[in-house]
file final-v3.cif (mmCIF, C-alpha atoms and all ligand atoms)
data_entry
#
loop_
_atom_site.label_atom_id
_atom_site.label_comp_id
_atom_site.auth_asym_id
_atom_site.auth_seq_id
_atom_site.Cartn_x
_atom_site.Cartn_y
_atom_site.Cartn_z
CA MET A 1 0.00 0.00 0.00
CA ARG A 2 1.09 3.53 -0.69
CA LEU A 3 1.06 5.75 2.38
CA ASN A 4 1.36 9.51 2.00
CA ILE A 5 3.35 10.94 4.86
CA ALA A 6 4.39 14.43 5.96
CA LEU A 7 7.18 15.62 8.22
CA LEU A 8 6.25 18.37 10.65
CA GLY A 9 9.73 19.31 11.90
CA PHE A 10 12.91 18.58 9.97
CA GLY A 11 15.63 18.98 12.62
CA ASN A 12 17.89 16.30 14.12
CA VAL A 13 15.05 13.83 14.55
CA GLY A 14 13.08 14.69 11.40
CA ARG A 15 16.19 14.36 9.24
CA ALA A 16 17.26 11.11 10.92
CA LEU A 17 13.76 9.83 10.18
CA ALA A 18 14.09 10.88 6.53
CA GLU A 19 17.34 8.92 6.26
CA LEU A 20 15.77 5.91 7.93
CA ILE A 21 12.79 6.05 5.58
CA MET A 22 15.16 5.97 2.60
CA SER A 23 17.48 3.28 3.96
CA ARG A 24 14.60 1.00 5.10
CA SER A 25 12.38 1.38 2.03
CA GLU A 26 13.03 -2.16 0.82
CA ILE A 27 12.34 -3.72 4.22
CA LEU A 28 9.19 -1.63 4.59
CA HIS A 29 8.01 -2.86 1.22
CA GLN A 30 9.04 -6.50 1.54
CA GLN A 31 8.04 -7.11 5.16
CA PHE A 32 5.03 -4.85 5.53
CA GLY A 33 3.91 -3.99 2.00
CA ILE A 34 4.36 -0.27 2.73
CA GLU A 35 5.48 2.22 0.11
CA LEU A 36 6.02 5.66 1.64
CA CYS A 37 5.64 8.89 -0.28
CA VAL A 38 6.70 12.11 1.46
CA VAL A 39 4.18 14.70 0.32
CA GLY A 40 5.09 17.55 2.67
CA ILE A 41 7.80 18.98 4.92
CA SER A 42 7.25 21.81 7.38
CA THR A 43 9.93 23.64 9.39
CA GLY A 44 10.26 26.73 11.56
CA ARG A 45 12.78 28.79 9.55
CA HIS A 46 13.39 26.69 6.40
CA GLY A 47 9.92 26.94 4.91
CA HIS A 48 6.94 24.67 4.32
CA ILE A 49 6.49 22.70 1.10
CA VAL A 50 3.88 20.35 -0.30
CA ASN A 51 3.92 18.11 -3.36
CA PRO A 52 1.17 15.46 -3.75
CA ASN A 53 3.41 13.53 -6.16
CA GLY A 54 6.21 13.26 -3.65
CA LEU A 55 9.19 15.39 -2.61
CA ASP A 56 12.81 14.63 -3.33
CA LEU A 57 13.89 13.65 0.18
CA GLN A 58 17.59 13.48 -0.61
CA ARG A 59 17.47 17.02 -1.95
CA ALA A 60 15.46 18.22 1.03
CA LEU A 61 18.10 16.80 3.37
CA ALA A 62 20.95 18.38 1.45
CA SER A 63 19.35 21.82 1.33
CA VAL A 64 18.40 22.03 5.03
CA GLN A 65 21.75 20.57 6.12
CA ASN A 66 23.44 23.32 4.11
CA GLY A 67 21.26 25.94 5.77
CA HIS A 68 19.10 26.51 2.68
CA HIS A 69 15.37 26.98 2.34
CA LEU A 70 13.09 24.17 1.13
CA ASN A 71 11.97 26.39 -1.77
CA VAL A 72 14.68 24.80 -3.95
CA LEU A 73 12.44 21.70 -4.16
CA ASP A 74 9.64 21.11 -6.65
CA GLY A 75 6.34 21.76 -4.90
CA ASN A 76 3.92 24.33 -3.54
CA LEU A 77 5.22 26.62 -0.81
CA MET A 78 2.98 27.26 2.19
CA LEU A 79 3.07 30.39 4.33
CA ASP A 80 3.07 28.81 7.77
CA THR A 81 2.46 25.58 9.65
CA GLU A 82 -1.31 26.16 9.85
CA GLN A 83 -1.53 26.56 6.07
CA PHE A 84 0.73 23.53 5.66
CA ILE A 85 -1.61 21.37 7.79
CA ASP A 86 -4.54 22.64 5.75
CA GLY A 87 -2.89 22.12 2.38
CA CYS A 88 -0.97 18.92 2.85
CA LYS A 89 -3.08 15.88 2.02
CA SER A 90 -1.17 13.30 3.99
CA ASP A 91 -2.44 10.08 5.59
CA LEU A 92 0.05 10.30 8.42
CA PHE A 93 2.03 13.15 9.98
CA PHE A 94 5.34 12.66 11.79
CA GLU A 95 5.71 15.54 14.24
CA SER A 96 9.11 16.43 15.73
CA ILE A 97 9.08 20.13 16.56
CA PRO A 98 10.61 21.44 19.82
CA THR A 99 8.95 20.51 23.11
CA ASN A 100 7.33 23.38 24.97
CA PRO A 101 7.48 22.43 28.66
CA GLN A 102 4.99 25.17 29.71
CA ASP A 103 1.87 24.03 27.90
CA GLY A 104 2.86 21.78 25.00
CA GLN A 105 1.98 24.42 22.37
CA PRO A 106 1.92 24.92 19.44
CA ALA A 107 2.29 21.15 18.94
CA LEU A 108 -0.76 20.38 21.10
CA GLY A 109 -2.92 22.53 18.82
CA TYR A 110 -1.43 20.93 15.69
CA ALA A 111 -2.19 17.49 17.15
CA ARG A 112 -5.84 18.42 17.80
CA GLU A 113 -6.15 19.76 14.27
CA LEU A 114 -4.54 16.73 12.60
CA LEU A 115 -6.43 14.07 14.57
CA GLY A 116 -9.65 16.05 14.07
CA ARG A 117 -9.01 15.81 10.32
CA SER A 118 -8.66 12.01 10.64
CA CYS A 119 -4.91 11.96 10.01
CA HIS A 120 -2.74 9.45 11.84
CA LEU A 121 -0.24 11.18 14.08
CA VAL A 122 3.17 9.99 15.26
CA THR A 123 5.03 12.37 17.56
CA ALA A 124 8.43 12.45 19.25
CA ASN A 125 7.42 15.66 21.01
CA LYS A 126 6.68 15.22 24.71
CA GLY A 127 4.52 18.37 24.93
CA PRO A 128 1.27 17.15 23.35
CA VAL A 129 1.42 13.85 25.23
CA ALA A 130 2.25 15.37 28.64
CA PHE A 131 -0.49 18.00 28.30
CA GLY A 132 -3.09 16.20 26.19
CA TYR A 133 -2.73 12.42 26.29
CA HIS A 134 -6.31 11.57 27.30
CA GLU A 135 -7.91 14.22 25.12
CA LEU A 136 -5.83 13.33 22.05
CA SER A 137 -6.33 9.58 22.53
CA ALA A 138 -10.09 10.13 22.67
CA LEU A 139 -9.93 12.30 19.55
CA ALA A 140 -7.91 9.64 17.72
CA ALA A 141 -10.40 6.95 18.73
CA GLU A 142 -13.38 9.08 17.60
CA ASN A 143 -11.75 9.63 14.22
CA ASN A 144 -10.53 6.07 13.90
CA VAL A 145 -6.86 7.02 13.50
CA GLY A 146 -3.64 6.26 15.36
CA PHE A 147 -1.99 8.59 17.88
CA PHE A 148 1.41 7.09 18.72
CA PHE A 149 4.34 8.55 20.66
CA GLU A 150 6.91 5.83 21.27
CA SER A 151 9.87 8.20 21.06
CA THR A 152 8.73 10.59 23.77
CA VAL A 153 10.30 8.46 26.52
CA MET A 154 13.61 6.65 26.16
CA ASP A 155 14.19 7.71 22.55
CA GLY A 156 12.53 4.92 20.63
CA ALA A 157 12.97 1.94 22.98
CA PRO A 158 9.60 0.14 22.89
CA VAL A 159 8.39 1.37 26.28
CA HIS A 160 4.89 2.30 25.11
CA GLY A 161 4.73 -0.80 22.93
CA VAL A 162 5.23 -2.94 26.04
CA LEU A 163 2.55 -0.98 27.91
CA ARG A 164 0.15 -1.19 24.97
CA GLU A 165 0.64 -4.79 23.98
CA GLY A 166 2.91 -6.56 26.43
CA LEU A 167 0.92 -6.26 29.63
CA PRO A 168 -2.75 -6.96 28.78
CA GLY A 169 -4.87 -7.33 31.91
CA ALA A 170 -2.03 -6.38 34.26
CA THR A 171 -2.19 -3.34 36.53
CA VAL A 172 0.85 -1.09 36.73
CA ASN A 173 1.27 0.17 40.30
CA ARG A 174 4.60 1.95 40.01
CA VAL A 175 6.82 3.31 37.27
CA SER A 176 10.40 4.23 38.11
CA GLY A 177 13.71 4.82 36.42
CA ILE A 178 16.26 7.26 35.04
CA PHE A 179 14.68 9.12 32.13
CA ASN A 180 17.05 12.03 31.53
CA SER A 181 20.34 11.24 29.79
CA THR A 182 21.99 14.64 30.27
CA THR A 183 21.78 14.64 34.06
CA ASN A 184 22.90 11.02 34.21
CA TYR A 185 25.90 11.88 32.05
CA ILE A 186 26.78 14.82 34.34
CA LEU A 187 26.51 12.70 37.51
CA THR A 188 28.59 9.94 35.90
CA ARG A 189 31.37 12.35 34.89
CA MET A 190 31.40 13.87 38.40
CA GLU A 191 31.77 10.44 39.92
CA GLN A 192 34.15 8.80 37.45
CA ASP A 193 36.33 11.79 36.50
CA HIS A 194 35.99 13.87 39.70
CA LEU A 195 34.67 16.85 37.72
CA SER A 196 32.83 19.69 39.43
CA PHE A 197 29.16 20.09 38.51
CA GLU A 198 30.02 23.07 36.28
CA ASP A 199 32.80 21.20 34.42
CA ALA A 200 30.64 18.12 33.94
CA LEU A 201 27.85 20.34 32.57
CA SER A 202 30.33 22.01 30.18
CA ALA A 203 31.45 18.55 29.03
CA ALA A 204 27.81 17.62 28.33
CA GLN A 205 27.38 20.85 26.36
CA ALA A 206 30.61 20.20 24.43
CA ILE A 207 29.32 16.86 23.11
CA GLY A 208 25.94 18.36 22.26
CA ILE A 209 23.74 16.54 24.76
CA ALA A 210 23.05 19.62 26.93
CA GLU A 211 21.54 22.83 25.60
CA THR A 212 23.18 26.25 26.07
CA ASP A 213 20.34 26.86 28.51
CA PRO A 214 20.45 23.51 30.33
CA SER A 215 17.74 24.30 32.89
CA LEU A 216 15.18 21.97 31.33
CA ASP A 217 17.48 19.05 32.07
CA ILE A 218 19.30 20.00 35.25
CA ASP A 219 16.24 21.39 37.02
CA GLY A 220 14.40 18.15 36.33
CA TRP A 221 11.73 19.45 33.93
CA ASP A 222 12.48 16.99 31.13
CA ALA A 223 12.42 14.12 33.62
CA ALA A 224 9.16 15.42 35.14
CA ILE A 225 7.52 15.64 31.70
CA LYS A 226 8.49 12.04 30.91
CA THR A 227 7.29 10.89 34.33
CA THR A 228 3.97 12.63 33.67
CA ILE A 229 3.63 10.83 30.35
CA LEU A 230 4.31 7.41 31.87
CA ALA A 231 2.01 8.04 34.85
CA ASN A 232 -0.84 9.07 32.55
CA VAL A 233 -0.32 6.30 30.02
CA ALA A 234 0.59 3.38 32.30
CA MET A 235 -1.64 4.21 35.27
CA GLN A 236 -4.40 6.30 33.71
CA ALA A 237 -3.44 9.24 35.92
CA ASP A 238 -4.28 12.77 34.83
CA LEU A 239 -1.15 14.63 35.93
CA ARG A 240 0.56 17.68 34.46
CA PRO A 241 4.34 18.23 34.70
CA ALA A 242 3.95 20.97 37.36
CA GLU A 243 2.24 18.42 39.62
CA VAL A 244 5.35 16.24 39.76
CA TYR A 245 7.39 16.91 42.94
CA ARG A 246 10.62 18.00 41.35
CA THR A 247 14.20 18.59 42.47
CA GLY A 248 16.95 18.80 39.89
CA ILE A 249 20.69 18.25 40.23
CA ARG A 250 21.76 21.91 40.22
CA GLY A 251 22.57 21.75 43.93
CA ILE A 252 24.69 18.58 43.74
CA ALA A 253 28.40 19.21 44.42
CA LEU A 254 31.38 16.94 43.74
CA GLN A 255 31.67 16.49 47.49
CA ASP A 256 28.13 15.04 47.66
CA VAL A 257 28.97 12.54 44.94
CA GLN A 258 32.21 11.55 46.68
CA GLN A 259 30.59 11.21 50.09
CA ALA A 260 27.88 9.01 48.62
CA ALA A 261 30.60 6.86 47.01
CA SER A 262 32.34 6.47 50.38
CA ARG A 263 29.08 4.96 51.68
CA GLY A 264 28.84 2.58 48.71
CA LYS A 265 26.20 4.67 46.93
CA ARG A 266 25.73 6.64 43.71
CA ILE A 267 23.57 9.68 43.16
CA ARG A 268 21.00 9.27 40.42
CA LEU A 269 18.16 11.54 39.28
CA VAL A 270 15.38 9.05 40.00
CA CYS A 271 11.91 9.38 38.51
CA GLU A 272 8.98 7.66 40.15
CA ALA A 273 5.19 7.56 39.87
CA VAL A 274 3.20 5.46 42.31
CA CYS A 275 -0.48 4.57 42.20
CA SER A 276 -2.15 4.24 45.56
CA GLY A 277 -5.41 2.99 44.03
CA ASP A 278 -8.31 4.44 42.07
CA HIS A 279 -5.94 6.31 39.70
CA ALA A 280 -4.57 8.40 42.63
CA VAL A 281 -1.00 8.80 41.44
CA THR A 282 1.82 10.77 42.98
CA ALA A 283 4.99 11.42 41.05
CA ARG A 284 8.40 12.80 41.87
CA VAL A 285 11.80 13.46 40.34
CA ALA A 286 14.74 13.90 42.72
CA PRO A 287 18.40 13.04 43.22
CA VAL A 288 18.57 9.85 45.28
CA GLU A 289 21.52 7.93 46.70
CA VAL A 290 21.15 4.41 45.33
CA ASP A 291 23.12 1.45 46.60
CA TYR A 292 25.85 0.00 44.34
CA SER A 293 23.78 -3.20 44.27
CA ASP A 294 20.75 -1.33 42.81
CA THR A 295 20.31 -1.77 39.04
CA MET A 296 20.05 2.03 38.73
CA ALA A 297 23.60 2.45 40.08
CA GLY A 298 24.88 0.62 37.01
CA ILE A 299 23.17 3.05 34.64
CA THR A 300 25.97 5.35 33.52
CA GLY A 301 26.42 8.06 30.90
CA THR A 302 23.51 8.62 28.53
CA THR A 303 21.94 5.22 29.18
CA SER A 304 18.41 5.22 30.60
CA ILE A 305 16.23 2.70 32.42
CA VAL A 306 12.55 2.17 33.18
CA SER A 307 10.88 -0.33 35.49
CA PHE A 308 7.20 -1.21 35.74
CA ASP A 309 5.95 -2.81 38.96
CA THR A 310 2.71 -4.63 38.23
CA ASP A 311 0.26 -6.77 40.18
CA ILE A 312 1.43 -9.83 38.24
CA LEU A 313 5.03 -9.29 37.10
CA PRO A 314 6.63 -7.84 40.23
CA ARG A 315 9.12 -5.80 38.25
CA LEU A 316 9.78 -5.55 34.54
CA THR A 317 12.83 -3.48 33.54
CA MET A 318 14.08 -2.12 30.23
CA ILE A 319 17.49 -0.45 29.68
CA GLU A 320 18.42 1.56 26.61
CA TYR A 321 22.07 2.18 25.74
CA ASP A 322 23.42 4.96 23.52
CA PRO A 323 20.28 6.84 22.49
CA GLY A 324 20.34 9.52 19.80
CA PRO A 325 18.32 10.99 16.94
CA PHE A 326 18.44 7.68 15.02
CA THR A 327 16.98 5.66 17.88
CA THR A 328 14.32 8.36 18.29
CA ALA A 329 13.60 8.22 14.56
CA TYR A 330 13.33 4.44 14.77
CA GLY A 331 10.63 4.77 17.45
CA MET A 332 8.67 6.94 15.02
CA LEU A 333 9.13 4.49 12.16
CA ALA A 334 8.01 1.63 14.43
CA ASP A 335 4.90 3.65 15.38
CA MET A 336 4.06 4.10 11.71
CA ILE A 337 4.45 0.37 11.04
CA ASN A 338 2.27 -0.43 14.05
CA ILE A 339 -0.42 1.96 12.80
CA VAL A 340 -0.39 0.27 9.42
CA ARG A 341 -0.55 -3.13 11.13
CA GLY A 342 -3.70 -1.97 12.88
CA ARG A 343 -2.33 -1.80 16.41
CA SER A 344 -4.23 0.65 18.56
CA ASP A 345 -4.20 1.99 22.05
CA THR A 346 -6.54 -0.45 23.77
CA ARG A 347 -6.24 1.05 27.23
CA PRO A 348 -9.41 2.81 28.40
CA VAL A 349 -9.56 6.49 27.65
CA LEU A 350 -10.46 8.99 30.40
CA ARG A 351 -13.24 11.34 29.39
N1 LIG A 401 17.05 14.72 19.70
C1 LIG A 401 16.64 13.57 20.22
O1 LIG A 401 17.34 12.57 20.22
C2 LIG A 401 15.25 13.47 20.80
C3 LIG A 401 14.90 12.36 21.57
C4 LIG A 401 13.58 12.22 22.02
C5 LIG A 401 12.63 13.20 21.73
N2 LIG A 401 13.02 14.30 21.02
C6 LIG A 401 12.02 15.32 20.73
O2 LIG A 401 11.88 15.43 19.33
C7 LIG A 401 11.58 16.79 18.97
C8 LIG A 401 12.60 17.26 17.93
O3 LIG A 401 13.91 17.20 18.44
P1 LIG A 401 15.13 17.66 17.52
O4 LIG A 401 16.36 17.33 18.26
O5 LIG A 401 14.93 17.15 16.14
O6 LIG A 401 14.90 19.26 17.52
P2 LIG A 401 15.49 20.31 16.44
O7 LIG A 401 16.74 19.79 15.85
O8 LIG A 401 15.49 21.61 17.16
O9 LIG A 401 14.38 20.35 15.28
C9 LIG A 401 13.13 20.96 15.43
C10 LIG A 401 12.50 21.09 14.07
O10 LIG A 401 11.19 21.66 14.21
C11 LIG A 401 11.07 22.76 13.29
N3 LIG A 401 10.04 23.67 13.82
C12 LIG A 401 10.09 24.50 14.87
N4 LIG A 401 8.89 25.09 15.07
C13 LIG A 401 8.08 24.64 14.09
C14 LIG A 401 6.72 24.89 13.74
N5 LIG A 401 5.93 25.71 14.44
N6 LIG A 401 6.21 24.25 12.65
C15 LIG A 401 6.96 23.39 11.93
N7 LIG A 401 8.26 23.12 12.21
C16 LIG A 401 8.80 23.73 13.29
C17 LIG A 401 12.46 23.34 13.20
O11 LIG A 401 12.60 24.12 12.03
P3 LIG A 401 13.81 25.19 11.85
O12 LIG A 401 15.08 24.48 12.18
O13 LIG A 401 13.70 25.60 10.44
O14 LIG A 401 13.50 26.29 12.82
C18 LIG A 401 13.25 22.03 13.11
O15 LIG A 401 13.17 21.52 11.79
C19 LIG A 401 11.61 17.60 20.27
O16 LIG A 401 10.30 17.74 20.74
C20 LIG A 401 12.43 16.72 21.21
O17 LIG A 401 12.08 16.91 22.57
C21 LIG A 401 14.29 14.46 20.55
#
call {"tool": "encode", "arguments": {"input": "final-v3.cif", "output": "structure tokens", "more": "lines below"}}
Ligand SMILES: NC(=O)c1ccc[n+]([C@@H]2O[C@H](COP(=O)([O-])OP(=O)(O)OC[C@H]3O[C@@H](n4cnc5c(N)ncnc54)[C@H](OP(=O)(O)O)[C@@H]3O)[C@@H](O)[C@H]2O)c1
result
Amino acid sequence: MRLNIALLGFGNVGRALAELIMSRSEILHQQFGIELCVVGISTGRHGHIVNPNGLDLQRALASVQNGHHLNVLDGNLMLDTEQFIDGCKSDLFFESIPTNPQDGQPALGYARELLGRSCHLVTANKGPVAFGYHELSALAAENNVGFFFESTVMDGAPVHGVLREGLPGATVNRVSGIFNSTTNYILTRMEQDHLSFEDALSAAQAIGIAETDPSLDIDGWDAAIKTTILANVAMQADLRPAEVYRTGIRGIALQDVQQAASRGKRIRLVCEAVCSGDHAVTARVAPVEVDYSDTMAGITGTTSIVSFDTDILPRLTMIEYDPGPFTTAYGMLADMINIVRGRSDTRPVLR
């Protein structure tokens, strides 16, 4: 089957996805009978373009990588993202624009618009899921389309796939783990290389995993957003990121890390959401001293980990090593395949 797709966002993740789409085209065709046609690309500063006959993806990659506008491609230019959504006749949209930790906008609005128009939506953006999971799931169900977001937590590891399909009939009582790679990298460098917090942060910025303004990571917001998503999806909670008790790692000094080590412990930014029954869920993100024997103590660098405690499997744990834009892009590709295969979110939707 031919599937018309559009890319809303063409940055690190959107471009990695474009490369994956090209390199996997034979597998997609042979194993799943899918033939993808990219009919639109929308960006913030590089323009918005639509072509119902298909865009030249290789050329799109080359022009944006070289800092050029998408208007070098054959197609119709759109004025803005709203016009793009209106004018791009795509079956499925891949959305990877920046996450807004305040309210999820403008991506939340785009998601409402797309699902309302009966388009499948795959997003790597945490904003719409953290601020609109129940609403958007209901909208997708009403319009008989898929709303998938595998890459929002742990960069494409099949965390949501396990929740959706791997635990039917089980009740998740607790979700815990290390969800933010940047802070884990900083804590690891402080411990292993005896760097001060500031030097470890600079090292994270030098390799491109921390932003110039790193507050989203080091103050625990990114971790709180991911904890919100997992609490709402796995335990049917209705939390918002501001409701997560949150302490970042800004106040952690080298001395704290060394003193913890002298007691046989490591400091980790631990995320946790616990259900005390009837969807009453409390969530927190905070630096915790974990024992060397704890699985979380072995999670170093940019690796992340999630555990689900359920009423049947006492604890199910998944670890993801070496995440990056390609693993994130893979999560989006997997979502698309699962939509085509007819998988859907079978968990009840809060109304
Ligand atoms: N990087 C990762 O490994 C990773 C992992 C998990 C989740 N994510 C999530 O994935 C998303 C994308 O990350 P990224 O690293 O690819 O970010 P990025 O490199 O900053 O790319 C963002 C893209 O969105 C475009 N954009 C911005 N506002 C837009 C709008 N209103 N309409 C259409 N396009 C718009 C930008 O266009 P211009 O460049 O032209 O402004 C750019 O193409 C974020 O939400 C992030 O949290 C990323």
call {"tool": "atom_distance", "arguments": {"input": "final-v3.cif", "atom1": "CA of Ser25 (chain A)", "atom2": "atom C6 of ligand LIG 401 (chain A)"}}
result
23.3 Å
call {"tool": "residues_around", "arguments": {"input": "final-v3.cif", "residues": "Pro158 (chain A)", "least_positions_apart": "5", "cutoff": "12 Å", "atoms": "all atoms listed in the file", "output": "list in words"}}
result
Phe148, Phe149, Glu150, Ser151, Thr152, Val153, Leu163, Arg164, Glu165, Gly166, Ile305, Val306, Thr317, Met318, Ile319, Glu320, Thr327, Thr328, Tyr330, Gly331, Met332, Leu333, Ala334, Asp335 and Asn338 of chain A
call {"tool": "closest_residue", "arguments": {"input": "final-v3.cif", "among": "A:Thr99, A:Ser293, A:Ser307, A:Asn51", "to": "ligand LIG 401 (chain A)", "atoms": "only C-alpha atoms and all ligand atoms"}}
result
A:Thr99
call {"tool": "closest_atom_pairs", "arguments": {"input": "final-v3.cif", "of": "chain A", "to": "ligand LIG 401 (chain A)", "cutoff": "6 Å", "atoms": "only C-alpha atoms and all ligand atoms", "output": "tab-separated table"}}
result
residue	atom	partner	partner_atom	distance
A:Leu8	CA	A:LIG401	C15	5.2
A:Gly9	CA	A:LIG401	O10	3.6
A:Phe10	CA	A:LIG401	O15	3.5
A:Gly11	CA	A:LIG401	O9	3.2
A:Asn12	CA	A:LIG401	O5	3.7
A:Val13	CA	A:LIG401	O5	3.7
A:Gly14	CA	A:LIG401	O5	5.7
A:Ser42	CA	A:LIG401	C15	4.8
A:Thr43	CA	A:LIG401	N7	3.3
A:Gly44	CA	A:LIG401	O14	3.5
A:Arg45	CA	A:LIG401	O13	3.4
A:His46	CA	A:LIG401	O13	4.2
A:Thr81	CA	A:LIG401	N6	5.0
A:Ser96	CA	A:LIG401	C7	4.1
A:Ile97	CA	A:LIG401	O10	3.5
A:Pro98	CA	A:LIG401	O16	3.8
A:Thr99	CA	A:LIG401	O16	3.9
A:Ala124	CA	A:LIG401	O2	4.6
A:Asn125	CA	A:LIG401	O16	3.6
A:Lys126	CA	A:LIG401	O16	5.9
A:Ser151	CA	A:LIG401	C4	5.6
A:Thr152	CA	A:LIG401	C5	5.1
A:Asp155	CA	A:LIG401	C4	4.6
A:Gly324	CA	A:LIG401	O1	4.3
A:Pro325	CA	A:LIG401	O1	3.8
A:Thr328	CA	A:LIG401	C3	5.2
call {"tool": "write_last_selection", "arguments": {"input": "final-v3.cif", "atoms": "C-alpha atoms", "output": "short mmCIF file (atom, residue, chain, number, x, y, z; two decimals), keeping the file's coordinate frame"}}
result
data_model
loop_
_atom_site.label_atom_id
_atom_site.label_comp_id
_atom_site.auth_asym_id
_atom_site.auth_seq_id
_atom_site.Cartn_x
_atom_site.Cartn_y
_atom_site.Cartn_z
CA LEU A 8 6.25 18.37 10.65
CA GLY A 9 9.73 19.31 11.90
CA PHE A 10 12.91 18.58 9.97
CA GLY A 11 15.63 18.98 12.62
CA ASN A 12 17.89 16.30 14.12
CA VAL A 13 15.05 13.83 14.55
CA GLY A 14 13.08 14.69 11.40
CA SER A 42 7.25 21.81 7.38
CA THR A 43 9.93 23.64 9.39
CA GLY A 44 10.26 26.73 11.56
CA ARG A 45 12.78 28.79 9.55
CA HIS A 46 13.39 26.69 6.40
CA THR A 81 2.46 25.58 9.65
CA SER A 96 9.11 16.43 15.73
CA ILE A 97 9.08 20.13 16.56
CA PRO A 98 10.61 21.44 19.82
CA THR A 99 8.95 20.51 23.11
CA ALA A 124 8.43 12.45 19.25
CA ASN A 125 7.42 15.66 21.01
CA LYS A 126 6.68 15.22 24.71
CA SER A 151 9.87 8.20 21.06
CA THR A 152 8.73 10.59 23.77
CA ASP A 155 14.19 7.71 22.55
CA GLY A 324 20.34 9.52 19.80
CA PRO A 325 18.32 10.99 16.94
CA THR A 328 14.32 8.36 18.29
#
call {"tool": "closest_residue", "arguments": {"input": "final-v3.cif", "among": "A:Val290, A:Met1, A:Ala107, A:Cys119", "to": "Gln31 (chain A)", "atoms": "only C-alpha atoms"}}
result
A:Met1
call {"tool": "closest_residue", "arguments": {"input": "final-v3.cif", "among": "A:Ile85, A:Ala18, A:Ala170, A:Ala273", "to": "Leu230 (chain A)", "atoms": "all atoms listed in the file"}}
result
A:Ala273
call {"tool": "residues_around", "arguments": {"input": "final-v3.cif", "residues": "Asp322 (chain A)", "least_positions_apart": "5", "cutoff": "9 Å", "atoms": "only C-alpha atoms", "output": "NGL selection string"}}
result
:A and (301-304 or 327)
call {"tool": "atom_distance", "arguments": {"input": "final-v3.cif", "atom1": "CA of Gln58 (chain A)", "atom2": "CA of Cys37 (chain A)"}}
result
12.8 Å
call {"tool": "closest_residue", "arguments": {"input": "final-v3.cif", "among": "A:Arg268, A:His120, A:His279, A:Arg315", "to": "Tyr292 (chain A)", "atoms": "all atoms listed in the file"}}
result
A:Arg268
call {"tool": "closest_residue", "arguments": {"input": "final-v3.cif", "among": "A:Ala329, A:Val233, A:Val244, A:Leu57", "to": "Thr171 (chain A)", "atoms": "only C-alpha atoms"}}
result
A:Val233
call {"tool": "closest_residue", "arguments": {"input": "final-v3.cif", "among": "A:Met190, A:Ala297, A:Leu7, A:Val274", "to": "Gln255 (chain A)", "atoms": "all atoms listed in the file"}}
result
A:Met190
call {"tool": "decode", "arguments": {"input": "final-v3.cif", "residues": "region 161-173 of chain A", "atoms": "N, CA and C atoms", "output": "PDB file, in the first residue's frame"}}
result
ATOM      1  N   GLY A 161       5.155   0.452  23.572  1.00  0.00           N
ATOM      2  CA  GLY A 161       4.730  -0.801  22.935  1.00  0.00           C
ATOM      3  C   GLY A 161       4.501  -1.885  23.983  1.00  0.00           C
ATOM      4  N   VAL A 162       5.381  -1.944  24.965  1.00  0.00           N
ATOM      5  CA  VAL A 162       5.226  -2.935  26.039  1.00  0.00           C
ATOM      6  C   VAL A 162       3.958  -2.631  26.844  1.00  0.00           C
ATOM      7  N   LEU A 163       3.758  -1.346  27.154  1.00  0.00           N
ATOM      8  CA  LEU A 163       2.553  -0.984  27.913  1.00  0.00           C
ATOM      9  C   LEU A 163       1.291  -1.312  27.118  1.00  0.00           C
ATOM     10  N   ARG A 164       1.338  -1.026  25.817  1.00  0.00           N
ATOM     11  CA  ARG A 164       0.150  -1.188  24.972  1.00  0.00           C
ATOM     12  C   ARG A 164      -0.166  -2.661  24.720  1.00  0.00           C
ATOM     13  N   GLU A 165       0.892  -3.432  24.442  1.00  0.00           N
ATOM     14  CA  GLU A 165       0.636  -4.789  23.980  1.00  0.00           C
ATOM     15  C   GLU A 165       1.222  -5.888  24.842  1.00  0.00           C
ATOM     16  N   GLY A 166       2.212  -5.512  25.682  1.00  0.00           N
ATOM     17  CA  GLY A 166       2.912  -6.564  26.427  1.00  0.00           C
ATOM     18  C   GLY A 166       2.330  -6.878  27.776  1.00  0.00           C
ATOM     19  N   LEU A 167       1.420  -6.051  28.272  1.00  0.00           N
ATOM     20  CA  LEU A 167       0.921  -6.257  29.633  1.00  0.00           C
ATOM     21  C   LEU A 167      -0.615  -6.271  29.681  1.00  0.00           C
ATOM     22  N   PRO A 168      -1.278  -7.007  28.764  1.00  0.00           N
ATOM     23  CA  PRO A 168      -2.747  -6.961  28.784  1.00  0.00           C
ATOM     24  C   PRO A 168      -3.289  -7.531  30.099  1.00  0.00           C
ATOM     25  N   GLY A 169      -4.218  -6.832  30.692  1.00  0.00           N
ATOM     26  CA  GLY A 169      -4.865  -7.327  31.910  1.00  0.00           C
ATOM     27  C   GLY A 169      -4.066  -7.102  33.177  1.00  0.00           C
ATOM     28  N   ALA A 170      -2.830  -6.641  33.058  1.00  0.00           N
ATOM     29  CA  ALA A 170      -2.034  -6.381  34.260  1.00  0.00           C
ATOM     30  C   ALA A 170      -2.248  -4.939  34.709  1.00  0.00           C
ATOM     31  N   THR A 171      -2.067  -4.705  35.998  1.00  0.00           N
ATOM     32  CA  THR A 171      -2.192  -3.337  36.529  1.00  0.00           C
ATOM     33  C   THR A 171      -0.815  -2.836  36.914  1.00  0.00           C
ATOM     34  N   VAL A 172      -0.447  -1.689  36.382  1.00  0.00           N
ATOM     35  CA  VAL A 172       0.847  -1.091  36.734  1.00  0.00           C
ATOM     36  C   VAL A 172       0.643  -0.251  37.995  1.00  0.00           C
ATOM     37  N   ASN A 173       1.404  -0.558  39.033  1.00  0.00           N
ATOM     38  CA  ASN A 173       1.271   0.171  40.299  1.00  0.00           C
ATOM     39  C   ASN A 173       2.371   1.207  40.500  1.00  0.00           C
TER      40      ASN A 173
END
